[in-house]
Amino acid sequence: MNRLQMTELETYIQRFMEEQGVPGLAVALSHRGETIYAKGFGVRNLVTKEPATPSTVFGIASVTKSFTAAAIMQLAHEGKLSLDDPVGKYIPAFRLRGCDASKVQIRHLLSHTSGVPPLLRREELVRFSDHLDYLAEVEFAALGEPGQYFSYANDMFLLLGAIIEQVSGRLYRRYMTERLLAPLRMHRSTFSLEELARLDNVSTPYAKRGEQQQVTAVPWPTLGNYEVGGGIRSSVDDLLVYGSLYVAKGRYQGQEIVPAAWLETMWQPVHRLTKDAWYGYALKTTRDYAGVTLVEHGGGQPGVSSNFGFVSEKELVCVVLSNLENVPIRNVWLAAVNAALGLPLAHKESAAPTYQLDREELEKLVGTYTSAEGGNVRLFIRDGAPVAEVAGSEFSLRAAASDTLIFVDSDMPLRFFFKADSRAWAVLLGMRMLCRSE
């Protein structure tokens with residue numbers, strides 16, 4: 001990345017932070033294991049005005065999922081489990097009230113294709129056994145058979161932590177620390193809030209609250225069992241090291257951490273998300289992006305917006321972490337990747353096509369779609385055009401196909417699902433399937 005590209009990128013980041021009200025942010029890039037750019041922007045704490053740096057610790061949220069998946073790949077390589085094994089082989093107490101649990105395999109947990117919809121979060125549960133009781137009791141309507149539909153299901157993903165404990169004989173946190181964090185010397189990365197309190201240069205999480213959307217400090221979420229899919233706090237410096245694992249064929253400083261073939265399994269396409277993007281095992285893949293493949297995962301929690309990924313063909317790793325929730329941080333990540341690839345900062349995936357929906361087709365989409373986890377979108381028609389209401393805000397949409405609408409301002413798709421010729425029964429919003437409630 002030359003000086004001009006660097007200057008353009010930094011101007012873009014500063015403008016992004018001003019527009020979104022982001023207190024602090026850190027960006028880092030590496031090429032063939034060497035850091036080519038690392039910088040903090042803004043502050044890690046609005047009161048003390050301490051600056052954000054590449055070693056500032058932020059939450060990474062769902063970027064954690066790829067760590068858990070990598071641990072599963074380690075154990076599969078060692079012959080301690082198979083991705084095709086039913087979950088019940090390792091967790092005999094696994095039951096589901098809404099569908100046949102015996103059909104759910106480890107690969108379905110990794111790819112969010114178990115058929116279980118997003119459920120009400122129970123962050124007070126800290127033992128896997130308690131979560132098994134919850135899953136056995138909670139009522140839900142299955143989305144379909146395992147493997148049929150994709151939908152984020154954190155309550156299912158966390159079962160991978162229980163499987164790791166069962167087959168390794170170690171507590172989940174201990175296994176992750178001893179087999180991944182410690183060998184990679186990620187000494188500023190932790191699952192523990194107690195350890196986080198002892199570290200220096202730690203960000204304060206922020207959220208926008210109230211009618212004025214005031215940026216307000218919020219506590220770190222405790223997460224409970226959900227730490228399996230979102231519990232790591234880390235720095236962009238540490239995550240560059242982690243990312244190098246994927247572009248250096250599973251090795252770090254001459255030591256094999258995870259065999260390359262198993263790591264590569266994680267970003268093979270399992271379920272199509274959009275025209276160009278697929279979900280694999282805790283990683284999303286965008287093929288043929290200016291001649292390369294983007295592999296990534298984002299994350300969001302109270303006080304956290306994150307994006308991590310790599311371009312294996314170029315041995316390029318990019319990480320962006322921030323201390324404000326619900327901001328489109330992937331825009332910064334993509335701009336940084338573009339700069340490193342020598343592309344215009346504004347380069348994006350190819351635009352979805354334009355489709356003319358007739359009134360009858362549009363009427364089949366109208367309705368309110370929800371999940372027990374709290375997701376909600378209301379689709380209605382105004383002046384003959386589709387409009388979505390999400391979290392109290394309205395968004396203009398355009399059609400890309402008879403089953404797909406696109407948010408005009410962000411290009412994010414809404415993909416609808418039908419049974420026979422009836423109205424849509426569900427919609428995929430981001431990573432979550434929401435079912436029609438009215």
# chains A, B, ... in the order shown; residues from 1 in each chain; ligands from 1
>>> closest_atom_pairs(of="stretch 115-143 of chain A", to="stretch 372-384 of chain A", cutoff="7 Å", atoms="only C-alpha atoms", output="JSON lines")
{"residue": "A:Pro118", "atom": "CA", "partner": "A:Glu373", "partner_atom": "CA", "distance": 5.4}
{"residue": "A:Leu119", "atom": "CA", "partner": "A:Glu373", "partner_atom": "CA", "distance": 4.7}
{"residue": "A:Leu120", "atom": "CA", "partner": "A:Glu373", "partner_atom": "CA", "distance": 4.2}
{"residue": "A:Arg121", "atom": "CA", "partner": "A:Glu373", "partner_atom": "CA", "distance": 6.1}
>>> residues_around(residues="A:Ser437", least_positions_apart="3", cutoff="9 Å", atoms="only C-alpha atoms", output="list in words")
Gly367, Thr368, Tyr369, Thr370, Ser371, Trp425 and Leu434 of chain A
>>> write_last_selection(atoms="N, CA and C atoms", output="short mmCIF file (atom, residue, chain, number, x, y, z; two decimals), in the first residue's frame")
data_model
loop_
_atom_site.label_atom_id
_atom_site.label_comp_id
_atom_site.auth_asym_id
_atom_site.auth_seq_id
_atom_site.Cartn_x
_atom_site.Cartn_y
_atom_site.Cartn_z
N GLY A 367 -45.68 -8.05 5.28
CA GLY A 367 -45.97 -8.65 6.57
C GLY A 367 -44.91 -8.31 7.59
N THR A 368 -45.08 -8.83 8.79
CA THR A 368 -44.11 -8.64 9.87
C THR A 368 -43.42 -9.97 10.15
N TYR A 369 -42.11 -9.93 10.25
CA TYR A 369 -41.30 -11.13 10.46
C TYR A 369 -40.47 -10.94 11.72
N THR A 370 -40.46 -11.96 12.57
CA THR A 370 -39.80 -11.82 13.87
C THR A 370 -39.04 -13.11 14.23
N SER A 371 -38.23 -13.00 15.28
CA SER A 371 -37.60 -14.18 15.88
C SER A 371 -37.66 -14.03 17.39
N TRP A 425 -43.12 -17.08 4.00
CA TRP A 425 -43.26 -17.49 5.40
C TRP A 425 -42.05 -17.07 6.24
N LEU A 434 -36.01 -14.78 9.92
CA LEU A 434 -37.15 -14.30 10.70
C LEU A 434 -38.41 -14.87 10.08
#
>>> closest_residue(among="A:Tyr279, A:Phe395, A:Tyr134, A:Phe67", to="A:Val258", atoms="only C-alpha atoms")
A:Phe67
>>> residues_around(residues="A:Gln356", least_positions_apart="2", cutoff="9 Å", atoms="only C-alpha atoms", output="VMD selection string")
chain A and resid 354 358 398 to 402
>>> atom_distance(atom1="atom CA of A:Glu19", atom2="atom CA of A:Val327")
10.1 Å
>>> select_by_dssp(residues="stretch 103-301 of chain A", states="helix (DSSP H, G or I)", output="compact mmCIF listing (two decimals) with N, CA, C and O atoms, in the first residue's frame")
# COMPACT_ATOMS: atom_id res chain seq x y z
N LYS A 103 -30.85 -35.87 14.13
CA LYS A 103 -30.40 -35.59 12.77
C LYS A 103 -29.38 -34.46 12.70
O LYS A 103 -28.80 -34.22 11.64
N ILE A 106 -22.44 -32.26 13.69
CA ILE A 106 -21.48 -31.21 14.05
C ILE A 106 -21.38 -30.19 12.93
O ILE A 106 -21.32 -28.98 13.18
N ARG A 107 -21.38 -30.63 11.68
CA ARG A 107 -21.25 -29.70 10.55
C ARG A 107 -22.43 -28.73 10.50
O ARG A 107 -22.27 -27.60 10.04
N HIS A 108 -23.59 -29.14 10.98
CA HIS A 108 -24.73 -28.24 10.99
C HIS A 108 -24.56 -27.12 12.02
O HIS A 108 -25.01 -26.00 11.80
N LEU A 109 -23.93 -27.43 13.13
CA LEU A 109 -23.63 -26.40 14.12
C LEU A 109 -22.64 -25.39 13.55
O LEU A 109 -22.81 -24.18 13.71
N LEU A 110 -21.61 -25.88 12.88
CA LEU A 110 -20.57 -25.02 12.32
C LEU A 110 -21.11 -24.08 11.25
O LEU A 110 -20.65 -22.94 11.11
N SER A 111 -22.07 -24.55 10.48
CA SER A 111 -22.58 -23.78 9.34
C SER A 111 -23.92 -23.10 9.60
O SER A 111 -24.49 -22.51 8.70
N PHE A 128 -22.93 -25.67 30.44
CA PHE A 128 -23.53 -26.26 29.24
C PHE A 128 -24.72 -27.15 29.59
O PHE A 128 -25.69 -27.23 28.84
N SER A 129 -24.67 -27.79 30.74
CA SER A 129 -25.78 -28.66 31.14
C SER A 129 -27.07 -27.86 31.30
O SER A 129 -28.16 -28.34 30.96
N ASP A 130 -26.96 -26.63 31.80
CA ASP A 130 -28.14 -25.77 31.93
C ASP A 130 -28.69 -25.39 30.56
O ASP A 130 -29.91 -25.30 30.38
N HIS A 131 -27.80 -25.19 29.61
CA HIS A 131 -28.25 -24.83 28.27
C HIS A 131 -28.91 -26.02 27.59
O HIS A 131 -29.86 -25.86 26.82
N LEU A 132 -28.44 -27.20 27.86
CA LEU A 132 -29.08 -28.40 27.31
C LEU A 132 -30.50 -28.53 27.84
O LEU A 132 -31.42 -28.90 27.09
N ASP A 133 -30.69 -28.21 29.12
CA ASP A 133 -32.04 -28.23 29.68
C ASP A 133 -32.92 -27.19 28.98
O ASP A 133 -34.09 -27.47 28.68
N TYR A 134 -32.37 -26.01 28.73
CA TYR A 134 -33.12 -24.95 28.05
C TYR A 134 -33.53 -25.40 26.65
O TYR A 134 -34.70 -25.26 26.25
N LEU A 135 -32.61 -25.97 25.88
CA LEU A 135 -32.91 -26.41 24.52
C LEU A 135 -33.96 -27.53 24.50
O LEU A 135 -34.75 -27.63 23.57
N ALA A 136 -33.95 -28.34 25.54
CA ALA A 136 -34.92 -29.44 25.60
C ALA A 136 -36.32 -28.95 25.94
O ALA A 136 -37.31 -29.64 25.66
N GLU A 137 -36.41 -27.74 26.51
CA GLU A 137 -37.69 -27.23 26.97
C GLU A 137 -38.29 -26.15 26.09
O GLU A 137 -39.52 -26.01 26.01
N ASN A 154 -27.12 -18.98 17.72
CA ASN A 154 -26.05 -19.00 18.72
C ASN A 154 -26.25 -20.07 19.78
O ASN A 154 -25.29 -20.61 20.32
N ASP A 155 -27.51 -20.39 20.07
CA ASP A 155 -27.78 -21.42 21.07
C ASP A 155 -27.36 -22.80 20.59
O ASP A 155 -27.10 -23.70 21.40
N MET A 156 -27.29 -22.99 19.28
CA MET A 156 -26.80 -24.25 18.73
C MET A 156 -25.27 -24.21 18.57
O MET A 156 -24.59 -25.20 18.86
N PHE A 157 -24.75 -23.09 18.13
CA PHE A 157 -23.31 -22.98 17.93
C PHE A 157 -22.55 -23.24 19.24
O PHE A 157 -21.49 -23.88 19.24
N LEU A 159 -23.01 -25.29 21.43
CA LEU A 159 -22.85 -26.72 21.72
C LEU A 159 -21.48 -27.23 21.29
O LEU A 159 -20.99 -28.24 21.80
N LEU A 160 -20.85 -26.52 20.35
CA LEU A 160 -19.49 -26.91 19.95
C LEU A 160 -18.53 -26.80 21.14
O LEU A 160 -17.57 -27.57 21.23
N GLY A 161 -18.78 -25.85 22.03
CA GLY A 161 -17.96 -25.74 23.23
C GLY A 161 -18.10 -26.96 24.12
O GLY A 161 -17.12 -27.47 24.68
N ALA A 162 -19.34 -27.44 24.24
CA ALA A 162 -19.58 -28.65 25.04
C ALA A 162 -18.91 -29.86 24.41
O ALA A 162 -18.38 -30.73 25.11
N ILE A 163 -18.92 -29.93 23.08
CA ILE A 163 -18.26 -31.04 22.38
C ILE A 163 -16.75 -30.97 22.58
O ILE A 163 -16.10 -32.00 22.83
N ILE A 164 -16.18 -29.77 22.50
CA ILE A 164 -14.74 -29.61 22.74
C ILE A 164 -14.39 -30.10 24.13
O ILE A 164 -13.39 -30.80 24.33
N GLU A 165 -15.20 -29.74 25.12
CA GLU A 165 -14.94 -30.19 26.48
C GLU A 165 -15.01 -31.71 26.59
O GLU A 165 -14.16 -32.36 27.23
N GLN A 166 -16.02 -32.29 25.95
CA GLN A 166 -16.24 -33.72 26.06
C GLN A 166 -15.08 -34.52 25.45
O GLN A 166 -14.60 -35.49 26.05
N VAL A 167 -14.64 -34.14 24.26
CA VAL A 167 -13.64 -34.96 23.57
C VAL A 167 -12.21 -34.63 23.99
O VAL A 167 -11.31 -35.46 23.84
N SER A 168 -11.98 -33.42 24.54
CA SER A 168 -10.62 -33.05 24.93
C SER A 168 -10.35 -33.28 26.41
O SER A 168 -9.19 -33.37 26.83
N TYR A 172 -13.63 -25.59 28.08
CA TYR A 172 -13.57 -24.91 26.78
C TYR A 172 -12.54 -23.79 26.78
O TYR A 172 -11.67 -23.73 25.90
N ARG A 173 -12.62 -22.89 27.75
CA ARG A 173 -11.67 -21.77 27.79
C ARG A 173 -10.23 -22.26 27.86
O ARG A 173 -9.34 -21.70 27.22
N ARG A 174 -10.01 -23.30 28.67
CA ARG A 174 -8.64 -23.80 28.83
C ARG A 174 -8.13 -24.40 27.53
O ARG A 174 -6.99 -24.19 27.14
N TYR A 175 -8.99 -25.16 26.85
CA TYR A 175 -8.57 -25.74 25.57
C TYR A 175 -8.23 -24.62 24.58
O TYR A 175 -7.19 -24.66 23.91
N MET A 176 -9.10 -23.63 24.46
CA MET A 176 -8.88 -22.56 23.50
C MET A 176 -7.60 -21.79 23.80
O MET A 176 -6.85 -21.41 22.89
N THR A 177 -7.33 -21.58 25.08
CA THR A 177 -6.12 -20.85 25.46
C THR A 177 -4.87 -21.68 25.20
O THR A 177 -3.89 -21.20 24.61
N GLU A 178 -4.91 -22.95 25.60
CA GLU A 178 -3.72 -23.79 25.49
C GLU A 178 -3.42 -24.22 24.06
O GLU A 178 -2.26 -24.37 23.68
N ARG A 179 -4.46 -24.42 23.25
CA ARG A 179 -4.24 -24.96 21.91
C ARG A 179 -4.23 -23.89 20.80
O ARG A 179 -3.76 -24.16 19.70
N LEU A 180 -4.76 -22.69 21.09
CA LEU A 180 -4.78 -21.64 20.06
C LEU A 180 -4.15 -20.34 20.54
O LEU A 180 -3.16 -19.88 19.95
N LEU A 181 -4.68 -19.72 21.56
CA LEU A 181 -4.18 -18.41 21.97
C LEU A 181 -2.72 -18.45 22.41
O LEU A 181 -1.92 -17.60 21.98
N LEU A 193 -13.35 -11.74 31.73
CA LEU A 193 -13.53 -10.34 32.11
C LEU A 193 -12.62 -9.98 33.28
O LEU A 193 -12.17 -8.83 33.40
N GLU A 194 -12.31 -10.95 34.14
CA GLU A 194 -11.40 -10.70 35.25
C GLU A 194 -9.99 -10.41 34.73
O GLU A 194 -9.31 -9.48 35.19
N GLU A 195 -9.56 -11.18 33.75
CA GLU A 195 -8.24 -10.93 33.16
C GLU A 195 -8.25 -9.62 32.38
O GLU A 195 -7.26 -8.87 32.40
N LEU A 196 -9.36 -9.32 31.73
CA LEU A 196 -9.47 -8.08 30.97
C LEU A 196 -9.27 -6.88 31.89
O LEU A 196 -8.63 -5.89 31.51
N ALA A 197 -9.80 -6.96 33.10
CA ALA A 197 -9.68 -5.86 34.06
C ALA A 197 -8.24 -5.63 34.49
O ALA A 197 -7.89 -4.53 34.97
N ARG A 198 -7.38 -6.63 34.33
CA ARG A 198 -5.98 -6.49 34.72
C ARG A 198 -5.09 -6.01 33.58
O ARG A 198 -3.92 -5.70 33.79
N GLY A 224 -22.13 -15.61 29.31
CA GLY A 224 -22.38 -16.99 29.74
C GLY A 224 -21.89 -17.97 28.70
O GLY A 224 -20.79 -17.82 28.15
N ASN A 225 -22.70 -18.99 28.38
CA ASN A 225 -22.28 -20.01 27.41
C ASN A 225 -22.08 -19.46 26.00
O ASN A 225 -21.41 -20.09 25.18
N TYR A 226 -22.64 -18.28 25.73
CA TYR A 226 -22.50 -17.71 24.39
C TYR A 226 -21.07 -17.25 24.10
O TYR A 226 -20.78 -16.85 22.97
N GLU A 227 -20.19 -17.33 25.09
CA GLU A 227 -18.79 -16.99 24.84
C GLU A 227 -18.17 -17.89 23.77
O GLU A 227 -17.21 -17.52 23.11
N VAL A 228 -18.74 -19.06 23.58
CA VAL A 228 -18.24 -19.99 22.56
C VAL A 228 -18.29 -19.34 21.17
O VAL A 228 -17.44 -19.60 20.32
N GLY A 229 -19.29 -18.48 20.97
CA GLY A 229 -19.43 -17.83 19.68
C GLY A 229 -19.13 -16.35 19.70
O GLY A 229 -19.27 -15.69 18.66
N GLY A 230 -18.73 -15.80 20.85
CA GLY A 230 -18.54 -14.35 20.88
C GLY A 230 -17.74 -13.80 22.04
O GLY A 230 -17.78 -12.60 22.28
N VAL A 236 -6.09 -5.68 17.29
CA VAL A 236 -5.82 -5.95 15.88
C VAL A 236 -4.44 -6.55 15.69
O VAL A 236 -4.21 -7.36 14.78
N ASP A 237 -3.49 -6.19 16.56
CA ASP A 237 -2.15 -6.79 16.49
C ASP A 237 -2.23 -8.31 16.68
O ASP A 237 -1.66 -9.08 15.91
N ASP A 238 -2.96 -8.73 17.72
CA ASP A 238 -3.09 -10.16 17.98
C ASP A 238 -3.84 -10.87 16.86
O ASP A 238 -3.49 -11.98 16.45
N LEU A 239 -4.88 -10.22 16.34
CA LEU A 239 -5.69 -10.88 15.31
C LEU A 239 -4.95 -10.99 13.98
O LEU A 239 -5.27 -11.87 13.17
N LEU A 240 -3.97 -10.13 13.74
CA LEU A 240 -3.13 -10.33 12.56
C LEU A 240 -2.35 -11.63 12.66
O LEU A 240 -2.19 -12.36 11.67
N VAL A 241 -1.89 -11.93 13.86
CA VAL A 241 -1.17 -13.19 14.08
C VAL A 241 -2.12 -14.37 13.83
O VAL A 241 -1.77 -15.33 13.15
N TYR A 242 -3.31 -14.27 14.41
CA TYR A 242 -4.31 -15.32 14.18
C TYR A 242 -4.61 -15.47 12.70
O TYR A 242 -4.66 -16.58 12.16
N GLY A 243 -4.80 -14.36 12.00
CA GLY A 243 -5.10 -14.42 10.58
C GLY A 243 -3.99 -15.03 9.76
O GLY A 243 -4.25 -15.69 8.74
N SER A 244 -2.75 -14.85 10.21
CA SER A 244 -1.62 -15.42 9.46
C SER A 244 -1.70 -16.94 9.41
O SER A 244 -1.17 -17.57 8.50
N LEU A 245 -2.40 -17.52 10.39
CA LEU A 245 -2.58 -18.97 10.40
C LEU A 245 -3.25 -19.45 9.12
O LEU A 245 -2.89 -20.50 8.57
N TYR A 246 -4.22 -18.67 8.63
CA TYR A 246 -5.00 -19.08 7.47
C TYR A 246 -4.25 -18.88 6.16
O TYR A 246 -4.50 -19.60 5.19
N VAL A 247 -3.36 -17.92 6.10
CA VAL A 247 -2.64 -17.67 4.85
C VAL A 247 -1.26 -18.33 4.85
O VAL A 247 -0.56 -18.31 3.84
N ALA A 260 -3.40 -27.38 7.34
CA ALA A 260 -3.93 -26.49 6.32
C ALA A 260 -5.22 -27.02 5.69
O ALA A 260 -6.17 -26.28 5.46
N ALA A 261 -5.25 -28.32 5.40
CA ALA A 261 -6.43 -28.89 4.73
C ALA A 261 -7.68 -28.72 5.58
O ALA A 261 -8.77 -28.47 5.05
N TRP A 262 -7.54 -28.82 6.88
CA TRP A 262 -8.69 -28.66 7.76
C TRP A 262 -9.11 -27.20 7.87
O TRP A 262 -10.31 -26.89 7.90
N LEU A 263 -8.14 -26.30 7.92
CA LEU A 263 -8.48 -24.88 7.93
C LEU A 263 -9.21 -24.49 6.66
O LEU A 263 -10.19 -23.75 6.69
N GLU A 264 -8.73 -24.98 5.52
CA GLU A 264 -9.35 -24.63 4.24
C GLU A 264 -10.78 -25.14 4.15
O GLU A 264 -11.61 -24.54 3.45
N THR A 265 -11.07 -26.20 4.87
CA THR A 265 -12.44 -26.71 4.92
C THR A 265 -13.40 -25.64 5.45
O THR A 265 -14.57 -25.58 5.04
N MET A 266 -12.89 -24.79 6.34
CA MET A 266 -13.74 -23.79 6.97
C MET A 266 -14.30 -22.78 5.98
O MET A 266 -15.38 -22.23 6.22
>>> decode(residues="stretch 20-38 of chain A", atoms="N, CA, C and O atoms", output="short mmCIF file (atom, residue, chain, number, x, y, z; two decimals), in the first residue's frame")
data_model
loop_
_atom_site.label_atom_id
_atom_site.label_comp_id
_atom_site.auth_asym_id
_atom_site.auth_seq_id
_atom_site.Cartn_x
_atom_site.Cartn_y
_atom_site.Cartn_z
N GLN A 20 -20.56 8.18 11.77
CA GLN A 20 -21.17 7.15 12.61
C GLN A 20 -21.05 7.43 14.10
O GLN A 20 -21.64 6.73 14.91
N GLY A 21 -20.26 8.44 14.47
CA GLY A 21 -20.07 8.76 15.88
C GLY A 21 -19.22 7.74 16.62
O GLY A 21 -19.41 7.51 17.82
N VAL A 22 -18.26 7.14 15.93
CA VAL A 22 -17.43 6.10 16.54
C VAL A 22 -16.36 6.73 17.42
O VAL A 22 -15.55 7.53 16.93
N PRO A 23 -16.29 6.37 18.72
CA PRO A 23 -15.24 6.93 19.58
C PRO A 23 -13.84 6.45 19.19
O PRO A 23 -12.91 7.25 19.04
N GLY A 24 -13.67 5.13 19.04
CA GLY A 24 -12.35 4.58 18.76
C GLY A 24 -12.38 3.41 17.81
O GLY A 24 -13.38 2.66 17.75
N LEU A 25 -11.29 3.24 17.08
CA LEU A 25 -11.24 2.21 16.05
C LEU A 25 -9.78 1.88 15.77
O LEU A 25 -8.91 2.75 15.88
N ALA A 26 -9.50 0.63 15.42
CA ALA A 26 -8.14 0.23 15.05
C ALA A 26 -8.20 -0.64 13.80
O ALA A 26 -9.12 -1.44 13.64
N VAL A 27 -7.23 -0.43 12.92
CA VAL A 27 -7.15 -1.15 11.65
C VAL A 27 -5.75 -1.73 11.49
O VAL A 27 -4.76 -1.07 11.84
N ALA A 28 -5.66 -2.94 10.98
CA ALA A 28 -4.35 -3.53 10.73
C ALA A 28 -4.40 -4.44 9.51
O ALA A 28 -5.41 -5.10 9.26
N LEU A 29 -3.29 -4.46 8.77
CA LEU A 29 -3.13 -5.29 7.58
C LEU A 29 -1.78 -5.97 7.62
O LEU A 29 -0.79 -5.37 8.06
N SER A 30 -1.74 -7.21 7.17
CA SER A 30 -0.46 -7.90 7.04
C SER A 30 -0.39 -8.58 5.68
O SER A 30 -1.42 -8.95 5.10
N HIS A 31 0.84 -8.73 5.19
CA HIS A 31 1.08 -9.41 3.92
C HIS A 31 2.21 -10.40 4.13
O HIS A 31 3.29 -10.04 4.56
N ARG A 32 1.90 -11.67 3.86
CA ARG A 32 2.87 -12.75 4.06
C ARG A 32 3.46 -12.73 5.47
O ARG A 32 4.65 -12.93 5.66
N GLY A 33 2.60 -12.45 6.43
CA GLY A 33 3.01 -12.50 7.83
C GLY A 33 3.67 -11.24 8.35
O GLY A 33 3.95 -11.14 9.55
N GLU A 34 3.88 -10.25 7.49
CA GLU A 34 4.50 -9.00 7.90
C GLU A 34 3.46 -7.89 7.96
O GLU A 34 2.68 -7.71 7.01
N THR A 35 3.42 -7.16 9.07
CA THR A 35 2.47 -6.06 9.20
C THR A 35 2.84 -4.95 8.22
O THR A 35 3.96 -4.46 8.23
N ILE A 36 1.88 -4.57 7.38
CA ILE A 36 2.12 -3.50 6.41
C ILE A 36 1.39 -2.22 6.80
O ILE A 36 1.69 -1.15 6.26
N TYR A 37 0.45 -2.34 7.72
CA TYR A 37 -0.26 -1.15 8.20
C TYR A 37 -0.94 -1.49 9.51
O TYR A 37 -1.59 -2.53 9.62
N ALA A 38 -0.81 -0.61 10.49
CA ALA A 38 -1.51 -0.78 11.77
C ALA A 38 -1.63 0.59 12.42
O ALA A 38 -0.62 1.27 12.64
#
